[in-house]
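One structure below.
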Amino acid sequence: MVLAHKAVRDKTFRKTVMATSDNVILFDVGAGQVQPQNPQLMIDRLTDYPVWQARGSRNHQEDRCTVILPEQFPAETKEKLAFFAIYDGHGSSSVADHASKKLHHLLAERPELKKGDYSGAIKAALADEDALLLERFKHDTAEPAISGSTAAICLLNLTQGELVVSNLGDSHVILAERDPKTDRPYHVRRITEAQAPEIPSERRRIEEAGGEISMDSGTTRLGSLNMSRALGDLQYKNPVNEGQDQKYWTGARASSSSNPGNFLSNDPFTSRRTLLADQRYLLMVISDGVSDTTGDAAVVQHVMELAMRGRRASEIAQEVATNNTRHSKSDNASCILAMIDGRRS
């Protein structure tokens, strides 16, 4: 988990609250992660009686979180920029770990960022990350070919009150407005879109690239994946899926395809929101370990109830992740939570 150091973070909050010239204020932010513990039937040695013992349902924590506050953002800019991202790895944590450490630096180096084209900068940075993963595949390890990661990204310009979000796969961003008087949430909306092989536009794109979708496992899949856009998984992308080496061929390529394109895409869904100076907001970034378990409105309501009791964002984010890993067959869960106040709210 890539986070600003607590002392630096608290100092940043104090300075941010005083910087009333910014359109919005990052009042509090925190992240939480949990690797689930599911019960497993065991035999008590003393009584020979069957008991339930907690066992991890996931062998590894493959989620990664990145929280970069304005003072730590690596670009030279007059704008105050914050960056939040969750990467949900699959196959291994290799790609998620790499992206969590590299992507915000790649973003900071993009010329589009300096021009204020945040959507273009994020899209280009994701392509740059895949290029780095391809170099790792060629010279270091096969991991980028056989593992990958979702991405849910927020780039927040506090100076202008501009929020740009992008996602690949099934990690998501939720935005809610908070009543300035009561802090109760309303207008809760998911501002990302899941990308999966069963979506008609995604199926069409995959098939036009020479890819093949199967239902052999009972769910719609591209090879071994239940998503159609992600970082890594280079076996489904050029140039790896063009090669004659069958080592990384998983059956996602149609037999008639002699010149395949990218079955899996790193082109994100992106949306932009203007945050108003007289409004308050709650921003959440969540992995599917949270979004597949709890409805958006319910999780936002719970978060605000805890916030109104004086709980800090980091504590609340950890509780959200914990609550979503208590049922059987639960997934790794990650949550980033940010309280954003308009300058005049």
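We label chains A, B, ... in the order they appear in the structure tokens, count residues from 1 in each chain, and number ligands from 1 in the order shown.
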From a DSSP calculation on the backbone, collect every residue of region 233-297 of chain A in strand (DSSP E) and output the set as number ranges by chain. A: 269-274, 280-286
Any chance you could list, as JSON, numbers by chain, the residues in region 72-310 of chain A that come up helix (DSSP H, G or I) when DSSP is run on the backbone? {"A": [72, 94, 95, 96, 97, 98, 99, 100, 101, 102, 103, 104, 105, 106, 107, 108, 109, 111, 112, 113, 114, 118, 119, 120, 121, 122, 123, 124, 125, 126, 127, 128, 129, 130, 131, 132, 133, 134, 135, 136, 137, 138, 139, 143, 144, 145, 146, 200, 201, 202, 203, 204, 205, 206, 207, 208, 234, 235, 236, 240, 241, 242, 246, 247, 248, 288, 289, 290, 291, 296, 297, 298, 299, 300, 301, 302, 303, 304, 305, 306, 307]}
In Å to one decimal, how far is CA of Ser149 (chain A) from CA of Asp170 (chain A)?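 A separation of 9.8 Å between them.
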Just checking: using only C-alpha atoms, which residue out of A:Met227, A:Leu158, A:Leu26, A:Ile86 ends up closest to Ile206 (chain A)? A:Met227
Could you tell me which of A:Val24, A:Val290, A:Leu69, A:Leu126 comes closest to Phe269 (chain A) if we count only C-alpha atoms?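 Among the listed residues, A:Leu126 lies closest to Phe269 (chain A).
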Neighbour list for region 294-296 of chain A as a short mmCIF file (atom, residue, chain, number, x, y, z; two decimals) with N, CA, C and O atoms, in the first residue's frame, cut-off 10 Å, only C-alpha atoms, skip fewer than 2 positions in-chain:
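For reference, around_8.cif as written:
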data_model
loop_
_atom_site.label_atom_id
_atom_site.label_comp_id
_atom_site.auth_asym_id
_atom_site.auth_seq_id
_atom_site.Cartn_x
_atom_site.Cartn_y
_atom_site.Cartn_z
N VAL A 173 -15.27 3.59 -8.65
CA VAL A 173 -15.26 4.84 -7.91
C VAL A 173 -16.70 5.28 -7.68
O VAL A 173 -17.52 5.25 -8.59
N ILE A 174 -16.98 5.65 -6.43
CA ILE A 174 -18.31 6.15 -6.04
C ILE A 174 -18.16 7.60 -5.59
O ILE A 174 -17.24 7.93 -4.84
N LEU A 175 -19.09 8.44 -6.04
CA LEU A 175 -19.10 9.84 -5.62
C LEU A 175 -20.47 10.15 -5.04
O LEU A 175 -21.50 9.80 -5.63
N ALA A 176 -20.49 10.77 -3.87
CA ALA A 176 -21.75 11.19 -3.24
C ALA A 176 -21.60 12.63 -2.76
O ALA A 176 -20.51 13.07 -2.40
N VAL A 188 -25.99 9.60 -4.60
CA VAL A 188 -24.90 8.61 -4.65
C VAL A 188 -24.85 8.01 -6.05
O VAL A 188 -25.86 7.54 -6.57
N ARG A 189 -23.67 8.02 -6.67
CA ARG A 189 -23.57 7.45 -8.01
C ARG A 189 -22.20 6.83 -8.24
O ARG A 189 -21.19 7.33 -7.74
N ARG A 190 -22.21 5.74 -8.98
CA ARG A 190 -20.97 5.10 -9.41
C ARG A 190 -20.54 5.79 -10.70
O ARG A 190 -21.30 5.85 -11.67
N MET A 284 -15.17 7.53 -2.89
CA MET A 284 -14.72 6.20 -2.51
C MET A 284 -14.15 5.47 -3.72
O MET A 284 -14.76 5.49 -4.80
N ASP A 288 -13.50 -4.96 -6.23
CA ASP A 288 -14.74 -5.73 -6.35
C ASP A 288 -15.04 -6.55 -5.11
O ASP A 288 -16.16 -7.02 -4.92
N GLY A 289 -14.03 -6.70 -4.23
CA GLY A 289 -14.30 -7.34 -2.95
C GLY A 289 -15.28 -6.57 -2.09
O GLY A 289 -15.90 -7.12 -1.19
N VAL A 290 -15.43 -5.28 -2.38
CA VAL A 290 -16.43 -4.44 -1.71
C VAL A 290 -17.66 -4.27 -2.59
O VAL A 290 -18.80 -4.49 -2.16
N SER A 291 -17.45 -3.90 -3.85
CA SER A 291 -18.58 -3.55 -4.73
C SER A 291 -19.48 -4.73 -5.04
O SER A 291 -20.68 -4.57 -5.28
N ASP A 292 -18.92 -5.96 -5.05
CA ASP A 292 -19.74 -7.14 -5.34
C ASP A 292 -20.53 -7.61 -4.13
O ASP A 292 -21.38 -8.50 -4.26
N ALA A 298 -25.77 1.74 0.31
CA ALA A 298 -25.64 1.21 1.67
C ALA A 298 -24.25 1.47 2.24
O ALA A 298 -24.11 1.84 3.41
N VAL A 299 -23.21 1.28 1.42
CA VAL A 299 -21.85 1.48 1.94
C VAL A 299 -21.59 2.96 2.20
O VAL A 299 -20.95 3.33 3.19
N VAL A 300 -22.13 3.85 1.36
CA VAL A 300 -21.97 5.29 1.58
C VAL A 300 -22.69 5.71 2.86
O VAL A 300 -22.16 6.49 3.66
N GLN A 301 -23.89 5.20 3.08
CA GLN A 301 -24.64 5.53 4.28
C GLN A 301 -23.88 5.09 5.53
O GLN A 301 -23.79 5.84 6.51
N VAL A 320 -14.77 -0.73 6.37
CA VAL A 320 -15.48 -1.11 5.15
C VAL A 320 -14.86 -2.37 4.55
O VAL A 320 -15.57 -3.32 4.19
N ASN A 323 -15.64 -5.42 6.90
CA ASN A 323 -17.03 -5.87 6.86
C ASN A 323 -17.35 -6.70 5.62
O ASN A 323 -18.26 -7.53 5.64
N ASN A 324 -16.62 -6.46 4.55
CA ASN A 324 -16.91 -7.16 3.30
C ASN A 324 -16.10 -8.43 3.12
O ASN A 324 -16.15 -9.05 2.06
#
Of the residues A:Leu275, A:Leu282, A:Leu106, A:Ile316, which is the one nearest to Ala127 (chain A), using only C-alpha atoms? A:Leu106
Considering only C-alpha atoms, can you say which of A:Glu202, A:Asp233, A:Glu208, A:Glu315 comes closest to His90 (chain A)?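 Distance minimum relative to His90 (chain A) lands on A:Asp233.
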As a list in words, please: the residues near Asn259 (chain A) (cut-off 9 Å, only C-alpha atoms, same-chain neighbours under 5 positions excluded). Ala209, Gly210 and Glu242 of chain A
Glu109 (chain A) environment, 12 Å, only C-alpha atoms, sequence neighbours closer than 6 positions dropped, as a count of residues only: 14
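Using only C-alpha atoms, the shortest contact distance between Leu234 (chain A) and any of A:Asp88, A:Asp130, A:Glu112, A:Glu207 is found at A:Asp130.
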Between CA of Val165 (chain A) and CA of Ser100 (chain A), measure the distance and give it in Å to one decimal.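 About the pair CA of Val165 (chain A) and CA of Ser100 (chain A): they are 15.9 Å apart.
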Near Ala307 (chain A), within 12 Å and counting only C-alpha atoms, which residues show up once chain neighbours fewer than 6 positions away are dropped, as a list in words?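 Everything that qualifies: Phe27, Asp28, Val29, Arg178, Thr182, Asp183, Arg184, Pro185, Leu282, Val300, Gln301, Ala313, Ser314, Glu315, Ile316, Ala317, Glu319, Leu337, Ala338 and Met339 of chain A.
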In terms of the shortest atom-to-atom distance over only C-alpha atoms, which of A:Ile336, A:Ile286, A:Gly342, A:Tyr236 is closest to Ala145 (chain A)?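 Counting only C-alpha atoms, the residue closest to Ala145 (chain A) is A:Tyr236.
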Neighbour list for region 93-98 of chain A as a list of chain:residue names, cut-off 7 Å, only C-alpha atoms, skip fewer than 3 positions in-chain: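 Returned residues: A:Glu62, A:Asp63, A:Arg64, A:Tyr87, A:Asp88, A:Gly89, A:His90, A:Lys101, A:Lys102, A:Glu143, A:Pro144, A:Ser147, A:Gly148, A:Ser149, A:Gly232.
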Write the residues you've just listed into a file as a compact mmCIF listing (two decimals), in the first residue's frame, and include N, CA, C and O atoms for each of them.
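Ended up saving to out_10.txt:
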# COMPACT_ATOMS: atom_id res chain seq x y z
N GLU A 62 -3.63 -9.60 -3.08
CA GLU A 62 -3.20 -9.16 -4.40
C GLU A 62 -3.69 -7.75 -4.74
O GLU A 62 -3.39 -7.24 -5.82
N ASP A 63 -4.44 -7.13 -3.84
CA ASP A 63 -4.84 -5.73 -4.03
C ASP A 63 -3.70 -4.80 -3.62
O ASP A 63 -2.94 -5.11 -2.72
N ARG A 64 -3.65 -3.66 -4.28
CA ARG A 64 -2.71 -2.61 -3.90
C ARG A 64 -3.45 -1.26 -3.94
O ARG A 64 -4.28 -1.03 -4.81
N TYR A 87 -5.55 -1.07 -7.34
CA TYR A 87 -5.19 -2.07 -8.35
C TYR A 87 -5.50 -3.45 -7.76
O TYR A 87 -4.95 -3.81 -6.72
N ASP A 88 -6.39 -4.18 -8.40
CA ASP A 88 -6.80 -5.50 -7.92
C ASP A 88 -6.15 -6.55 -8.81
O ASP A 88 -6.57 -6.77 -9.95
N GLY A 89 -5.11 -7.18 -8.28
CA GLY A 89 -4.35 -8.13 -9.08
C GLY A 89 -5.05 -9.47 -9.23
O GLY A 89 -5.87 -9.86 -8.41
N HIS A 90 -4.72 -10.17 -10.30
CA HIS A 90 -5.17 -11.55 -10.51
C HIS A 90 -4.04 -12.34 -11.15
O HIS A 90 -3.22 -11.79 -11.87
N LYS A 101 3.33 1.33 -7.75
CA LYS A 101 4.56 2.08 -7.50
C LYS A 101 4.96 2.98 -8.67
O LYS A 101 5.68 3.97 -8.48
N LYS A 102 4.49 2.66 -9.88
CA LYS A 102 4.98 3.34 -11.07
C LYS A 102 3.98 4.28 -11.73
O LYS A 102 4.38 5.31 -12.32
N GLU A 143 5.79 -13.12 -15.50
CA GLU A 143 4.62 -12.68 -14.73
C GLU A 143 3.70 -11.71 -15.49
O GLU A 143 2.48 -11.86 -15.44
N PRO A 144 4.22 -10.69 -16.19
CA PRO A 144 3.30 -9.76 -16.86
C PRO A 144 2.45 -10.40 -17.96
O PRO A 144 1.44 -9.83 -18.36
N SER A 147 -0.27 -12.72 -15.49
CA SER A 147 -1.02 -12.06 -14.42
C SER A 147 -1.33 -10.64 -14.84
O SER A 147 -0.72 -10.09 -15.75
N GLY A 148 -2.30 -10.05 -14.18
CA GLY A 148 -2.72 -8.69 -14.53
C GLY A 148 -3.37 -7.99 -13.36
O GLY A 148 -3.32 -8.46 -12.23
N SER A 149 -4.00 -6.86 -13.66
CA SER A 149 -4.62 -6.08 -12.59
C SER A 149 -5.69 -5.16 -13.16
O SER A 149 -5.54 -4.60 -14.25
N GLY A 232 -1.47 -5.45 -17.79
CA GLY A 232 -0.80 -6.74 -17.81
C GLY A 232 -1.55 -7.75 -18.65
O GLY A 232 -2.12 -7.42 -19.69
In Å, rounded to a single decimal, give me how far CA of Ser287 (chain A) is from CA of Thr325 (chain A).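 Distance reported for this atom pair: 11.9 Å.
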